[in-house]
Structures are given as C-alpha cells and as structure tokens.
Amino acid sequence: MTDLASLIDLIGAPSAVAADEARARQGILTKPTGALGRLEELSIWVCSVQGACPPRVFARPRVVIFAGDHGVARTAQTSAYPPEVTAQMVLNFVHGGAAVNVLARQAGASVRVVDVSVDADPDYALSIAPEVVADRIRRGSGSIDREDAMTRAETEAAFALGRRIADEEIDSGADLLIPGDMGIGNTTPAAALIGLLANADAATVTGKGTGIDDTTWMRKCAAVRDAMRRGSEHKGDPLALLTAIGSPDFAAATGFLLQSAARGVPVILDGTISSACALVADRISYRAKAWWLAGHRSTEPAQSIALDRLDLVPVVDYGMRLGEGTGALLALQIVQSATATLREMATFGEAGVSDRDA
C-alpha cells in the first residue's frame with residue numbers, strides 16, 4: 001500500500017532566504033524597480049526553488065511524456081481522432097517528429113517517453129527502445145462514465161512508477177522537469193477530475209479537446225457528468241479518485257509531480273492534463289505546488305479552473321491546446337531569460353550607473 005504520509009513528510013518549502021536575496025538583488029540591478037515585470041517574479045521563484053541567489057540557468061531540463069489510452073474515448077466517442085493515434089504519436093515522439101520534440105530542441109531540453117497504458121498490440125513496440133514500454137501498467141483504461149479506470153493496485157503501481165521516474169531523471173542530473181502527456185480522450189478524465197475537485201459542473205469544465213463538433217461535445221459532457229457522479233464519493237481519497245475516474249498515465253504523472261517536490265526539483269506544468277494531475281497532487285500535499293510553475297493557459301476551460309484553484313498564474317497565453325509539454329517548453333525559454341537577467345545584469349555599483357536615490 002502506498003505510504004502517502006511518508007511522502008508528504010518529505011515535501012518542504014522552497015527557500016525563503018534565497019527569495020529575499022533575489023528581491024534585494026532585483027532592487028540594485030541597472031533598471032527601474034519592477035521594470036522587467038513578470039520576469040522579476042519568475043527569477044525570484046527560480047532562486048527560491050534552487051535555494052541560491054544569483055540563480056543558475058537550468059542546464060538539464062527534461063520532458064517526460066506519460067502516454068496512455070482512455071476507454072471513454074472509444075465507448076463514448078468523445079474525441080475527433082481514433083484511439084490508435086496514441087500509439088502512432090508515441091512512435092512520432094520517439095523518432096523526434098512531434099511539436100514537443102521541435103520545441104524541446106529549441107529550449108535545450110530533452111524528451112523521454114513512457115508508455116504507461118497505451119492500448120496497442122505488443123508489435124508496435126518493435127521499432128522503439130524497450131524502456132519505453134517496459135513499465136506499461138495495462139492496456140488502456142476503463143470507460144470512466146460507467147466503470148473504474150483501473151484497480152487500486154494498478155493505481156498504486158502507476159503512482160509508484162511516476163515517483164520512480166522522477167527519481168531516475170533527477171539522479172541523472174535533471175534540474176527542471178516538465179510532465180508531458182499523450183492519450184486520445186484524455187481531456188475527458190481531466191475535466192471530470194477538475195470538475196469534482198474545483199466544484200464546477202460538467203458543462204463548465206468540458207471543452208472541445210481535439211476540435212470536436214457540437215454533437216461530440218454533448219456526448220463528452222454527458223460522459224464527464226457521469227464520471228463526476230461516479231467519482232464524487234472518492235473526493236477525500238485522491239488515489240481512490242484516480243482509480244475511479246483517472247487513468248494509469250494520470251496516476252503516474254501525479255506521483256511524478258509529488259516526488260519532484262519531495263526531491264526539491266522544480267516543475268513547469270503544461271496544459272489541462274498536468275493541471276488536473278496537479279490538482280489531485282495538491283489534495284495529497286498542499287506544499288507541493290510551491291515547486292510548480294504554470295507554463296501556459298490552455299484553451300480548454302477546465303485548465304483555467306484548475307490553475308485558479310491552485311493559485312498559479314500561467315507564463316504565456318498563446319491559445320494552445322496540444323499538450324505533450326509544448327506550452328511548458330515555451331514558458332521554459334522565458335524562465336531561462338528571467339534567470340539570466342537576474343544572474344548576469346550589472347548592479348548600479350558595478351556599472352557605475354547612478355541609482356535614483358543617489
């Protein structure tokens with residue numbers, strides 16, 4: 001059985017001392033106070049999570065894509081794309097051809113793909129590295145509008161997998177982590193989880209996902225409503241909630257977020273899926289969110305609701321809804337810029353520039 005109490009005890013707060021030092025340094029750099037706006041706030045957050053000022057530009061940011069299929073996409077037909085696209089996109093990630101790969105290269109990040117619960121025949125894995133599929137928990141998940149997503153044992157195994165992956169990445173040198181996602185139909189469980197945990201109704205949290213039409217949106221609303229009804233009795237038990245209306249890939253991402261916080265490594269959240277997992281993780285430890293930054297605002301309504309609940313303000317708002325980690329990677333480049341300005345700008349004294357109070 002998962003020992004959540006021990007995990008909770010490991011999660012501390014970022015350094016308030018380093019944050020104070022960062023604020024003080026911002027006040028003596030060669031610029032008017034506050035002139036760099038949100039960049040100043042971001043640089044202070046970086047100092048707090050690194051425990052040092054001046055901060056270090058992140059040297060090894062890492063995206064981990066948790067992939068899984070969702071039974072509700074097939075039974076309730078809630079997506080514009082067929083379920084087999086999940087496995088096809090896993091292959092695309094591995095071969096470096098997806099948007100997340102392109103943006104990761106631009107941001108100086110690397111990408112790892114983990115098949116947690118892709119519903120594909122074993123032969124699809126013949127052309128990819130064995131480690132991508134080595135830890136698959138199950139093929140797909142139950143249709144959450146009518147049955148549990150998985151068993152409690154599978155939930156705990158997926159949660160432990162996410163924690164272990166965080167440890168592997170951090171032990172290998174990752175100094176910033178981004179949870180990515182891939183799974184046709186995954187905005188349906190995300191909407192259901194966010195709706196329950198944020199006390200919002202199904203129609204409010206249900207978006208157009210992959211670009212569905214109005215008829216499909218109505219089916220999706222019904223599926224989210226029914227899933228929320230099924231999950232309502234489990235609001236007080238986050239792992240039971242994931243068992244009922246989550247999925248193995250969501251459980252893995254939730255464990256990943258919490259273990260990153262326990263290890264003191266910052267995370268940039270991506271879109272609706274990672275925000276839903278963050279909301280579940282927040283129910284386990286309210287201290288964990290201090291280690292997370294909201295990368296972007298998705299066009300999916302549920303994500304904004306989740307971020308408001310978490311009191312996280314996204315870095316960018318570019319009308320994106322792809323997932324994969326793409327929005328977080330755009331935010332990473334801004335975070336790196338914020339970090340570099342605090343680290344590399346001259347102070348008034350160093351530059352021989354008169355301060356306004358001189």
# chains A, B, ... in the order shown; residues from 1 in each chain; ligands from 1
>>> closest_atom_pairs(of="stretch 25-76 of chain A", to="stretch 97-120 of chain A", cutoff="9 Å", atoms="only C-alpha atoms", output="CSV")
residue,atom,partner,partner_atom,distance
A:Ala59,CA,A:Gly108,CA,8.2
A:Arg60,CA,A:Ala109,CA,6.5
A:Pro61,CA,A:Ala109,CA,4.9
A:Arg62,CA,A:Ser110,CA,5.1
A:Val63,CA,A:Val111,CA,4.7
A:Val64,CA,A:Arg112,CA,4.8
A:Ile65,CA,A:Val113,CA,4.8
A:Phe66,CA,A:Val114,CA,5.2
A:Ala67,CA,A:Asp115,CA,5.0
A:Gly68,CA,A:Ser117,CA,4.2
A:Asp69,CA,A:Val118,CA,4.9
A:His70,CA,A:Asp119,CA,8.4
>>> write_last_selection(atoms="N, CA and C atoms", output="short mmCIF file (atom, residue, chain, number, x, y, z; two decimals), in the first residue's frame")
data_model
loop_
_atom_site.label_atom_id
_atom_site.label_comp_id
_atom_site.auth_asym_id
_atom_site.auth_seq_id
_atom_site.Cartn_x
_atom_site.Cartn_y
_atom_site.Cartn_z
N ALA A 59 20.37 23.77 -16.60
CA ALA A 59 21.31 23.11 -17.50
C ALA A 59 20.74 21.84 -18.13
N ARG A 60 19.81 21.16 -17.44
CA ARG A 60 19.30 19.90 -17.98
C ARG A 60 17.80 19.78 -17.76
N PRO A 61 17.02 20.64 -18.43
CA PRO A 61 15.56 20.47 -18.35
C PRO A 61 15.13 19.21 -19.09
N ARG A 62 14.14 18.55 -18.57
CA ARG A 62 13.74 17.25 -19.10
C ARG A 62 12.22 17.15 -19.17
N VAL A 63 11.71 16.76 -20.34
CA VAL A 63 10.28 16.49 -20.52
C VAL A 63 10.07 14.99 -20.41
N VAL A 64 9.09 14.59 -19.63
CA VAL A 64 8.69 13.18 -19.56
C VAL A 64 7.24 13.09 -20.00
N ILE A 65 7.00 12.40 -21.12
CA ILE A 65 5.65 12.25 -21.65
C ILE A 65 5.06 10.95 -21.13
N PHE A 66 3.95 11.06 -20.39
CA PHE A 66 3.23 9.90 -19.90
C PHE A 66 2.09 9.60 -20.88
N ALA A 67 2.18 8.46 -21.55
CA ALA A 67 1.22 8.12 -22.61
C ALA A 67 0.27 7.03 -22.14
N GLY A 68 -0.99 7.18 -22.50
CA GLY A 68 -1.98 6.18 -22.14
C GLY A 68 -3.27 6.38 -22.91
N ASP A 69 -3.98 5.30 -23.12
CA ASP A 69 -5.29 5.37 -23.78
C ASP A 69 -6.41 5.40 -22.76
N HIS A 70 -7.57 5.86 -23.20
CA HIS A 70 -8.71 6.09 -22.32
C HIS A 70 -9.95 5.45 -22.91
#
>>> closest_atom_pairs(of="stretch 112-219 of chain A", to="stretch 80-94 of chain A", cutoff="12 Å", atoms="only C-alpha atoms", output="Markdown table")
| residue | atom | partner | partner_atom | distance |
| --- | --- | --- | --- | --- |
| A:Arg112 | CA | A:Val94 | CA | 8.1 |
| A:Val113 | CA | A:Val94 | CA | 7.0 |
| A:Val114 | CA | A:Val90 | CA | 8.6 |
| A:Asp115 | CA | A:Val90 | CA | 7.8 |
| A:Val116 | CA | A:Val90 | CA | 11.1 |
| A:Ser117 | CA | A:Thr86 | CA | 10.0 |
| A:Val118 | CA | A:Ala87 | CA | 6.4 |
| A:Asp119 | CA | A:Ala87 | CA | 7.5 |
| A:Ala120 | CA | A:Ala87 | CA | 6.4 |
| A:Asp121 | CA | A:Ala87 | CA | 9.3 |
| A:Pro122 | CA | A:Ala87 | CA | 10.6 |
| A:Asp123 | CA | A:Ala87 | CA | 11.0 |
| A:Tyr124 | CA | A:Ala87 | CA | 7.5 |
| A:Ala125 | CA | A:Leu91 | CA | 8.3 |
| A:Leu126 | CA | A:Leu91 | CA | 10.3 |
| A:Ser127 | CA | A:Leu91 | CA | 8.1 |
| A:Ile128 | CA | A:Val94 | CA | 6.9 |
| A:Ala129 | CA | A:Val94 | CA | 8.4 |
| A:Pro130 | CA | A:Val94 | CA | 11.5 |
| A:Glu131 | CA | A:Val94 | CA | 11.3 |
| A:Val132 | CA | A:Val94 | CA | 8.8 |
| A:Val133 | CA | A:Val90 | CA | 10.2 |
| A:Arg139 | CA | A:Ala87 | CA | 11.1 |
| A:Gly140 | CA | A:Pro83 | CA | 9.6 |
| A:Ser141 | CA | A:Pro83 | CA | 11.8 |
| A:Gly180 | CA | A:Phe93 | CA | 11.1 |
| A:Asp181 | CA | A:Val90 | CA | 10.1 |
| A:Met182 | CA | A:Thr86 | CA | 6.4 |
| A:Gly183 | CA | A:Thr86 | CA | 5.3 |
| A:Ile184 | CA | A:Pro83 | CA | 5.5 |
| A:Gly185 | CA | A:Pro83 | CA | 7.8 |
| A:Asn186 | CA | A:Thr86 | CA | 10.3 |
| A:Thr187 | CA | A:Ala80 | CA | 11.9 |
| A:Lys208 | CA | A:Ala80 | CA | 9.2 |
| A:Gly209 | CA | A:Ala80 | CA | 8.3 |
| A:Thr210 | CA | A:Ala80 | CA | 5.8 |
| A:Gly211 | CA | A:Ala80 | CA | 6.4 |
| A:Ile212 | CA | A:Ala80 | CA | 5.2 |
| A:Asp213 | CA | A:Ala80 | CA | 8.1 |
| A:Asp214 | CA | A:Ala80 | CA | 11.2 |
| A:Thr215 | CA | A:Ala80 | CA | 11.1 |
| A:Thr216 | CA | A:Ala80 | CA | 8.1 |
| A:Trp217 | CA | A:Ala80 | CA | 10.0 |
| A:Arg219 | CA | A:Ala80 | CA | 12.0 |
>>> write_last_selection(atoms="C-alpha atoms", output="compact mmCIF listing (two decimals), in the first residue's frame")
# COMPACT_ATOMS: atom_id res chain seq x y z
CA ARG A 112 11.59 10.87 -22.55
CA VAL A 113 8.50 8.87 -23.48
CA VAL A 114 6.85 6.37 -21.13
CA ASP A 115 4.08 4.04 -22.30
CA VAL A 116 2.04 3.75 -19.11
CA SER A 117 -1.19 2.41 -20.57
CA VAL A 118 -1.26 2.60 -24.36
CA ASP A 119 -3.84 0.23 -25.83
CA ALA A 120 -1.72 -1.24 -28.62
CA ASP A 121 -0.53 -4.66 -29.71
CA PRO A 122 2.96 -5.54 -28.50
CA ASP A 123 4.36 -5.48 -32.03
CA TYR A 124 4.01 -1.68 -32.17
CA ALA A 125 6.96 -1.51 -29.80
CA LEU A 126 9.34 -3.41 -32.06
CA SER A 127 10.71 -0.23 -33.60
CA ILE A 128 11.29 1.65 -30.33
CA ALA A 129 13.56 1.22 -27.36
CA PRO A 130 12.37 -1.44 -24.89
CA GLU A 131 12.44 1.01 -21.98
CA VAL A 132 9.55 2.97 -23.50
CA VAL A 133 7.15 0.05 -22.95
CA ARG A 139 -3.64 -1.62 -21.97
CA GLY A 140 -5.90 1.40 -21.82
CA SER A 141 -8.27 2.27 -19.01
CA GLY A 180 4.02 15.85 -20.91
CA ASP A 181 1.01 13.82 -21.97
CA MET A 182 -0.36 11.82 -24.86
CA GLY A 183 -3.63 9.96 -24.97
CA ILE A 184 -6.66 10.25 -27.19
CA GLY A 185 -9.61 11.15 -24.97
CA ASN A 186 -7.50 12.33 -22.06
CA THR A 187 -9.29 15.67 -21.64
CA LYS A 208 -13.59 20.89 -27.42
CA GLY A 209 -10.38 18.90 -26.88
CA THR A 210 -9.08 17.77 -30.26
CA GLY A 211 -11.53 20.04 -32.08
CA ILE A 212 -14.76 18.09 -31.72
CA ASP A 213 -18.09 19.22 -33.14
CA ASP A 214 -21.10 20.20 -31.06
CA THR A 215 -22.67 16.74 -31.13
CA THR A 216 -19.48 15.12 -29.89
CA TRP A 217 -19.14 17.84 -27.25
CA ARG A 219 -21.58 13.28 -25.67
>>> closest_atom_pairs(of="stretch 149-212 of chain A", to="stretch 228-240 of chain A", cutoff="10 Å", atoms="only C-alpha atoms", output="Markdown table")
| residue | atom | partner | partner_atom | distance |
| --- | --- | --- | --- | --- |
| A:Met150 | CA | A:Ala240 | CA | 10.0 |
| A:Thr151 | CA | A:Ala240 | CA | 9.2 |
| A:Arg152 | CA | A:Ala240 | CA | 6.9 |
| A:Thr155 | CA | A:Leu239 | CA | 6.8 |
| A:Glu156 | CA | A:Leu239 | CA | 7.5 |
| A:Phe159 | CA | A:Leu239 | CA | 8.6 |
| A:Pro189 | CA | A:Met228 | CA | 9.1 |
| A:Ala191 | CA | A:Met228 | CA | 9.0 |
| A:Ala192 | CA | A:Met228 | CA | 5.4 |
| A:Leu193 | CA | A:Met228 | CA | 7.3 |
| A:Ile194 | CA | A:Met228 | CA | 9.3 |
| A:Gly195 | CA | A:Met228 | CA | 7.2 |
| A:Leu196 | CA | A:Met228 | CA | 6.1 |
| A:Leu197 | CA | A:Lys235 | CA | 7.0 |
| A:Asp201 | CA | A:Met228 | CA | 8.8 |
| A:Ala202 | CA | A:Met228 | CA | 7.7 |
>>> closest_residue(among="A:Gly325, A:Gly173, A:Pro14, A:Gly34", to="A:Ala52", atoms="only C-alpha atoms")
A:Pro14
>>> select_by_dssp(residues="stretch 214-321 of chain A", states="helix (DSSP H, G or I)", output="tab-separated table (two decimals) with C-alpha atoms, in the first residue's frame")
chain	number	residue	atom	x	y	z
A	214	ASP	CA	-21.10	20.20	-31.06
A	215	THR	CA	-22.67	16.74	-31.13
A	216	THR	CA	-19.48	15.12	-29.89
A	217	TRP	CA	-19.14	17.84	-27.25
A	218	MET	CA	-22.59	16.95	-25.93
A	219	ARG	CA	-21.58	13.28	-25.67
A	220	LYS	CA	-18.40	14.35	-23.91
A	221	CYS	CA	-20.37	16.49	-21.44
A	222	ALA	CA	-22.56	13.51	-20.62
A	223	ALA	CA	-19.50	11.30	-20.11
A	224	VAL	CA	-17.87	13.89	-17.85
A	225	ARG	CA	-21.12	14.30	-15.89
A	226	ASP	CA	-21.47	10.56	-15.37
A	227	ALA	CA	-17.82	10.19	-14.41
A	228	MET	CA	-18.14	13.01	-11.88
A	229	ARG	CA	-21.18	11.32	-10.40
A	230	ARG	CA	-19.24	8.06	-10.09
A	231	GLY	CA	-16.21	9.76	-8.56
A	232	SER	CA	-17.98	12.04	-6.12
A	233	GLU	CA	-17.75	9.60	-3.20
A	234	HIS	CA	-13.95	9.50	-3.52
A	238	PRO	CA	-7.06	11.06	-4.15
A	239	LEU	CA	-5.80	7.59	-5.09
A	240	ALA	CA	-9.33	6.18	-4.97
A	241	LEU	CA	-10.45	9.08	-7.15
A	242	LEU	CA	-7.77	8.28	-9.72
A	243	THR	CA	-8.83	4.63	-9.59
A	244	ALA	CA	-12.43	5.53	-10.32
A	245	ILE	CA	-12.17	8.29	-12.92
A	248	PRO	CA	-2.71	4.95	-15.17
A	249	ASP	CA	-0.95	7.76	-17.02
A	250	PHE	CA	-2.64	10.34	-14.78
A	251	ALA	CA	-1.65	8.39	-11.67
A	252	ALA	CA	1.95	8.21	-12.89
A	253	ALA	CA	2.05	11.95	-13.59
A	254	THR	CA	0.61	12.66	-10.13
A	255	GLY	CA	3.34	10.60	-8.47
A	256	PHE	CA	5.91	12.32	-10.67
A	257	LEU	CA	4.77	15.79	-9.54
A	258	LEU	CA	4.86	14.89	-5.86
A	259	GLN	CA	8.21	13.13	-5.97
A	260	SER	CA	9.75	16.09	-7.82
A	261	ALA	CA	8.59	18.34	-4.99
A	262	ALA	CA	9.89	15.88	-2.41
A	272	THR	CA	-5.08	20.53	-18.94
A	273	ILE	CA	-3.72	17.07	-18.17
A	274	SER	CA	-0.82	18.12	-15.96
A	275	SER	CA	-3.06	20.70	-14.29
A	276	ALA	CA	-5.62	18.01	-13.45
A	277	CYS	CA	-2.86	15.82	-12.02
A	278	ALA	CA	-1.51	18.80	-10.09
A	279	LEU	CA	-4.95	19.37	-8.58
A	280	VAL	CA	-5.03	15.74	-7.41
A	281	ALA	CA	-1.47	16.01	-6.10
A	282	ASP	CA	-2.40	19.19	-4.24
A	283	ARG	CA	-5.02	17.18	-2.35
A	284	ILE	CA	-2.23	14.92	-1.15
A	288	ALA	CA	3.93	20.68	-3.38
A	289	LYS	CA	2.54	23.47	-5.56
A	290	ALA	CA	5.25	25.87	-4.36
A	291	TRP	CA	7.62	23.83	-6.56
A	301	PRO	CA	-11.82	25.68	-19.84
A	302	ALA	CA	-11.00	23.08	-17.20
A	303	GLN	CA	-7.35	24.09	-17.11
A	304	SER	CA	-8.05	27.71	-16.16
A	305	ILE	CA	-10.36	26.47	-13.43
A	306	ALA	CA	-7.63	24.18	-12.09
A	307	LEU	CA	-5.00	26.92	-12.16
A	308	ASP	CA	-7.31	29.32	-10.33
A	309	ARG	CA	-7.86	26.63	-7.69
A	310	LEU	CA	-4.10	26.15	-7.36
>>> select_by_dssp(residues="stretch 286-351 of chain A", states="strand (DSSP E)", output="NGL selection string")
:A and (292-294 or 296-298 or 316-320)
>>> atom_distance(atom1="atom CA of A:Ala346", atom2="atom CA of A:Ala19")
18.8 Å
>>> closest_residue(among="A:Ser15, A:Thr326, A:Gln77, A:Ser143", to="A:Cys47", atoms="only C-alpha atoms")
A:Ser15
>>> closest_residue(among="A:Gly12, A:Gly27, A:Gly246, A:Gly271", to="A:Gly349", atoms="only C-alpha atoms")
A:Gly27
>>> residues_around(residues="A:Leu4", least_positions_apart="3", cutoff="10 Å", atoms="only C-alpha atoms", output="list in words")
Met1, Leu7, Ile8, Asp9, Leu239, Ile284 and Ser285 of chain A
>>> write_last_selection(atoms="N, CA and C atoms", output="mmCIF file, in the first residue's frame")
data_model
loop_
_atom_site.group_PDB
_atom_site.id
_atom_site.type_symbol
_atom_site.label_atom_id
_atom_site.label_comp_id
_atom_site.auth_asym_id
_atom_site.auth_seq_id
_atom_site.Cartn_x
_atom_site.Cartn_y
_atom_site.Cartn_z
ATOM 1 N N MET A 1 0.845 -1.198 0.000
ATOM 2 C CA MET A 1 0.000 0.000 0.000
ATOM 3 C C MET A 1 0.879 1.246 0.000
ATOM 4 N N LEU A 7 5.577 10.274 2.168
ATOM 5 C CA LEU A 7 5.837 11.152 1.032
ATOM 6 C C LEU A 7 5.554 12.601 1.402
ATOM 7 N N ILE A 8 4.447 12.838 2.064
ATOM 8 C CA ILE A 8 4.078 14.195 2.470
ATOM 9 C C ILE A 8 5.152 14.808 3.361
ATOM 10 N N ASP A 9 5.700 13.997 4.262
ATOM 11 C CA ASP A 9 6.725 14.495 5.184
ATOM 12 C C ASP A 9 7.987 14.945 4.459
ATOM 13 N N LEU A 239 -6.142 8.797 -4.336
ATOM 14 C CA LEU A 239 -5.800 7.589 -5.092
ATOM 15 C C LEU A 239 -7.059 6.818 -5.482
ATOM 16 N N ILE A 284 -3.101 15.774 -1.964
ATOM 17 C CA ILE A 284 -2.230 14.923 -1.154
ATOM 18 C C ILE A 284 -1.273 15.785 -0.334
ATOM 19 N N SER A 285 -0.681 16.805 -0.953
ATOM 20 C CA SER A 285 0.209 17.717 -0.241
ATOM 21 C C SER A 285 0.036 19.140 -0.772
#
>>> atom_distance(atom1="atom CA of A:Ala35", atom2="atom CA of A:Leu329")
24.5 Å
>>> closest_residue(among="A:Thr204, A:Thr30, A:Cys53, A:Gln333", to="A:Ala16", atoms="only C-alpha atoms")
A:Cys53
>>> atom_distance(atom1="atom CA of A:Leu322", atom2="atom CA of A:Ala174")
24.1 Å
>>> residues_around(residues="A:Gly319", least_positions_apart="5", cutoff="8 Å", atoms="only C-alpha atoms", output="list in words")
Arg297, Ser298 and Thr299 of chain A
>>> write_last_selection(atoms="C-alpha atoms", output="PDB file, in the first residue's frame")
ATOM      1  CA  ARG A 297      -3.043  28.839 -20.323  1.00  0.00           C
ATOM      2  CA  SER A 298      -4.825  26.269 -22.450  1.00  0.00           C
ATOM      3  CA  THR A 299      -7.979  26.992 -24.405  1.00  0.00           C
TER       4      THR A 299
END
>>> decode(residues="stretch 280-303 of chain A", atoms="N, CA and C atoms", output="PDB file, in the first residue's frame")
ATOM      1  N   VAL A 280      -4.973  16.957  -8.234  1.00  0.00           N
ATOM      2  CA  VAL A 280      -5.031  15.739  -7.413  1.00  0.00           C
ATOM      3  C   VAL A 280      -3.854  15.709  -6.446  1.00  0.00           C
ATOM      4  N   ALA A 281      -2.662  16.015  -6.947  1.00  0.00           N
ATOM      5  CA  ALA A 281      -1.471  16.008  -6.102  1.00  0.00           C
ATOM      6  C   ALA A 281      -1.589  17.020  -4.969  1.00  0.00           C
ATOM      7  N   ASP A 282      -2.210  18.157  -5.252  1.00  0.00           N
ATOM      8  CA  ASP A 282      -2.401  19.188  -4.239  1.00  0.00           C
ATOM      9  C   ASP A 282      -3.275  18.690  -3.102  1.00  0.00           C
ATOM     10  N   ARG A 283      -4.194  17.774  -3.398  1.00  0.00           N
ATOM     11  CA  ARG A 283      -5.023  17.180  -2.353  1.00  0.00           C
ATOM     12  C   ARG A 283      -4.199  16.280  -1.441  1.00  0.00           C
ATOM     13  N   ILE A 284      -3.101  15.774  -1.964  1.00  0.00           N
ATOM     14  CA  ILE A 284      -2.230  14.923  -1.154  1.00  0.00           C
ATOM     15  C   ILE A 284      -1.273  15.785  -0.334  1.00  0.00           C
ATOM     16  N   SER A 285      -0.681  16.805  -0.953  1.00  0.00           N
ATOM     17  CA  SER A 285       0.209  17.717  -0.241  1.00  0.00           C
ATOM     18  C   SER A 285       0.036  19.140  -0.772  1.00  0.00           C
ATOM     19  N   TYR A 286      -0.465  20.013   0.078  1.00  0.00           N
ATOM     20  CA  TYR A 286      -0.669  21.406  -0.337  1.00  0.00           C
ATOM     21  C   TYR A 286       0.660  22.141  -0.500  1.00  0.00           C
ATOM     22  N   ARG A 287       1.746  21.604   0.072  1.00  0.00           N
ATOM     23  CA  ARG A 287       3.045  22.276  -0.054  1.00  0.00           C
ATOM     24  C   ARG A 287       3.691  22.058  -1.417  1.00  0.00           C
ATOM     25  N   ALA A 288       3.256  21.039  -2.132  1.00  0.00           N
ATOM     26  CA  ALA A 288       3.932  20.679  -3.382  1.00  0.00           C
ATOM     27  C   ALA A 288       3.840  21.781  -4.431  1.00  0.00           C
ATOM     28  N   LYS A 289       2.748  22.508  -4.470  1.00  0.00           N
ATOM     29  CA  LYS A 289       2.544  23.470  -5.560  1.00  0.00           C
ATOM     30  C   LYS A 289       3.550  24.621  -5.543  1.00  0.00           C
ATOM     31  N   ALA A 290       4.228  24.829  -4.407  1.00  0.00           N
ATOM     32  CA  ALA A 290       5.254  25.868  -4.363  1.00  0.00           C
ATOM     33  C   ALA A 290       6.418  25.549  -5.290  1.00  0.00           C
ATOM     34  N   TRP A 291       6.539  24.282  -5.675  1.00  0.00           N
ATOM     35  CA  TRP A 291       7.616  23.833  -6.565  1.00  0.00           C
ATOM     36  C   TRP A 291       7.193  23.840  -8.029  1.00  0.00           C
ATOM     37  N   TRP A 292       5.941  24.221  -8.300  1.00  0.00           N
ATOM     38  CA  TRP A 292       5.407  24.163  -9.654  1.00  0.00           C
ATOM     39  C   TRP A 292       5.174  25.565 -10.202  1.00  0.00           C
ATOM     40  N   LEU A 293       5.371  25.674 -11.500  1.00  0.00           N
ATOM     41  CA  LEU A 293       5.064  26.895 -12.238  1.00  0.00           C
ATOM     42  C   LEU A 293       4.083  26.522 -13.341  1.00  0.00           C
ATOM     43  N   ALA A 294       3.058  27.340 -13.541  1.00  0.00           N
ATOM     44  CA  ALA A 294       2.111  27.100 -14.635  1.00  0.00           C
ATOM     45  C   ALA A 294       2.713  27.627 -15.928  1.00  0.00           C
ATOM     46  N   GLY A 295       2.955  26.749 -16.883  1.00  0.00           N
ATOM     47  CA  GLY A 295       3.619  27.146 -18.110  1.00  0.00           C
ATOM     48  C   GLY A 295       2.768  28.009 -19.024  1.00  0.00           C
ATOM     49  N   HIS A 296       1.532  27.558 -19.274  1.00  0.00           N
ATOM     50  CA  HIS A 296       0.694  28.318 -20.202  1.00  0.00           C
ATOM     51  C   HIS A 296      -0.773  28.134 -19.872  1.00  0.00           C
ATOM     52  N   ARG A 297      -1.599  28.978 -20.463  1.00  0.00           N
ATOM     53  CA  ARG A 297      -3.043  28.839 -20.323  1.00  0.00           C
ATOM     54  C   ARG A 297      -3.589  28.160 -21.561  1.00  0.00           C
ATOM     55  N   SER A 298      -4.214  27.020 -21.364  1.00  0.00           N
ATOM     56  CA  SER A 298      -4.825  26.269 -22.450  1.00  0.00           C
ATOM     57  C   SER A 298      -6.173  26.877 -22.820  1.00  0.00           C
ATOM     58  N   THR A 299      -6.628  26.578 -24.028  1.00  0.00           N
ATOM     59  CA  THR A 299      -7.979  26.992 -24.405  1.00  0.00           C
ATOM     60  C   THR A 299      -9.042  26.088 -23.786  1.00  0.00           C
ATOM     61  N   GLU A 300      -8.636  24.963 -23.209  1.00  0.00           N
ATOM     62  CA  GLU A 300      -9.585  24.087 -22.512  1.00  0.00           C
ATOM     63  C   GLU A 300     -10.045  24.774 -21.224  1.00  0.00           C
ATOM     64  N   PRO A 301     -11.352  24.937 -21.016  1.00  0.00           N
ATOM     65  CA  PRO A 301     -11.823  25.684 -19.844  1.00  0.00           C
ATOM     66  C   PRO A 301     -11.430  25.050 -18.514  1.00  0.00           C
ATOM     67  N   ALA A 302     -11.322  23.745 -18.471  1.00  0.00           N
ATOM     68  CA  ALA A 302     -11.004  23.082 -17.203  1.00  0.00           C
ATOM     69  C   ALA A 302      -9.643  23.505 -16.676  1.00  0.00           C
ATOM     70  N   GLN A 303      -8.692  23.766 -17.580  1.00  0.00           N
ATOM     71  CA  GLN A 303      -7.345  24.089 -17.111  1.00  0.00           C
ATOM     72  C   GLN A 303      -7.318  25.411 -16.357  1.00  0.00           C
TER      73      GLN A 303
END
